[in-house]
Amino acid sequence: MNDNQRVRNAFSSIKAPDDMIDKVYSSINSRKNQNRTRRIIGMSMLGTILTGTIVLAVMRFQISNNFLNVENKEYSEETQNSISVIEHNNEMQNKETIRVNGFFISYPFEKNTSLYSLGEYAHKGIDIIADKGTKVLAVADGKVTKAEFNSAYGYHIVMEHTDGYETLYAHLQEMKVDVGDTIVTGEEIGTVGATGMATGPHLHLELHYNGEPVNPLEYINE
């Protein structure tokens with residue numbers, strides 16, 4: 001028995017006017033329609049939220065894992081010896097040895113955990129060990145905003161990207177771009193060196209979001 005029949009049977013037993021039955025039934029249908037409308041709107045809003053989340057995930061800024069132009073990922077004997085020492089030290093300290101696309105990360109991004117630290121970050125980027133003179137490649141499309149020297153980073157380049165992101169390439173031997181240049185992913189921008197505060201040849205790569213350092217390895221486009 002449907003709602004319409006139940007209403008008519010109930011009112012016939014008390015001899016209610018015919019128009020009263022129609023009014024009650026109309027009210028029931030109205031409430032049903034309202035509930036159905038609320039469900040439709042709710043599902044529509046959920047769909048919009050989920051779609052937006054998927055779009056944001058797809059559109060998230062990413063960087064290339066091709067940091068350097070290294071033929072067959074081969075290193076000189078000196079650089080390979082440095083890698084072996086770092087791997088040994090990592091093993092002794094129970095630390096993970098990180099490689100990305102065959103490149104050896106000698107020092108990862110780290111936040112300070114010491115209560116006595118003067119800064120928030122122990123290391124604001126990642127260090128990628130390589131032979132001096134190895135070509136450094138842009139990890140994302142962008143525009144050069146700095147190409148200069150200072151005592152800490154040595155010769156270094158800063159590139160501006162979309163949505164508040166910047167990359168910094170430090171300790172270079174040579175800079176092969178100028179401020180204002182528009183660069184595409186994979187384009188050579190300089191060469192690996194040991195200028196500034198560096199103990200040996202490597203590329204120090206930083207990624208900033210709205211001025212704050214973030215871990216580049218979390219933005220790698222595999």
# chains A, B, ... in the order shown; residues from 1 in each chain; ligands from 1
>>> residues_around(residues="A:Leu172", least_positions_apart="3", cutoff="8 Å", atoms="only C-alpha atoms", output="list in words")
Gly154, Tyr155, His156, Tyr169, Met175, Gly190, Thr191, Val192, Gly193, Ala194, Thr195 and Leu203 of chain A
>>> select_by_dssp(residues="stretch 105-194 of chain A", states="strand (DSSP E or B)", output="PyMOL selection string")
chain A and resi 105-107+110-111+121-123+126-129+135-137+142-150+154-160+165-175+182-183+188-193
>>> select_by_dssp(residues="stretch 84-138 of chain A", states="alpha helix (DSSP H)", output="CSV table (one decimal) with C-alpha atoms, in the first residue's frame")
chain,number,residue,atom,x,y,z
A,84,SER,CA,81.5,5.2,-1.5
A,85,VAL,CA,82.6,7.1,1.6
A,86,ILE,CA,79.1,8.7,2.0
A,87,GLU,CA,77.4,5.3,1.5
A,88,HIS,CA,79.7,3.8,4.1
A,89,ASN,CA,78.9,6.6,6.6
A,90,ASN,CA,75.2,6.3,5.9
A,91,GLU,CA,75.4,2.5,6.6
A,92,MET,CA,77.2,3.1,9.9
>>> residues_around(residues="stretch 95-105 of chain A", least_positions_apart="2", cutoff="12 Å", atoms="only C-alpha atoms", output="JSON, numbers by chain")
{"A": [64, 65, 66, 67, 68, 69, 70, 71, 72, 73, 74, 75, 79, 80, 82, 83, 84, 85, 86, 87, 88, 89, 90, 91, 92, 93, 107, 108, 109, 125, 126, 127, 128, 129, 130, 131, 202, 203, 204, 205, 216, 217, 218, 220, 221, 222]}
>>> closest_residue(among="A:Gln173, A:Thr182, A:Asn94, A:Ser106", to="A:Asp141", atoms="only C-alpha atoms")
A:Thr182
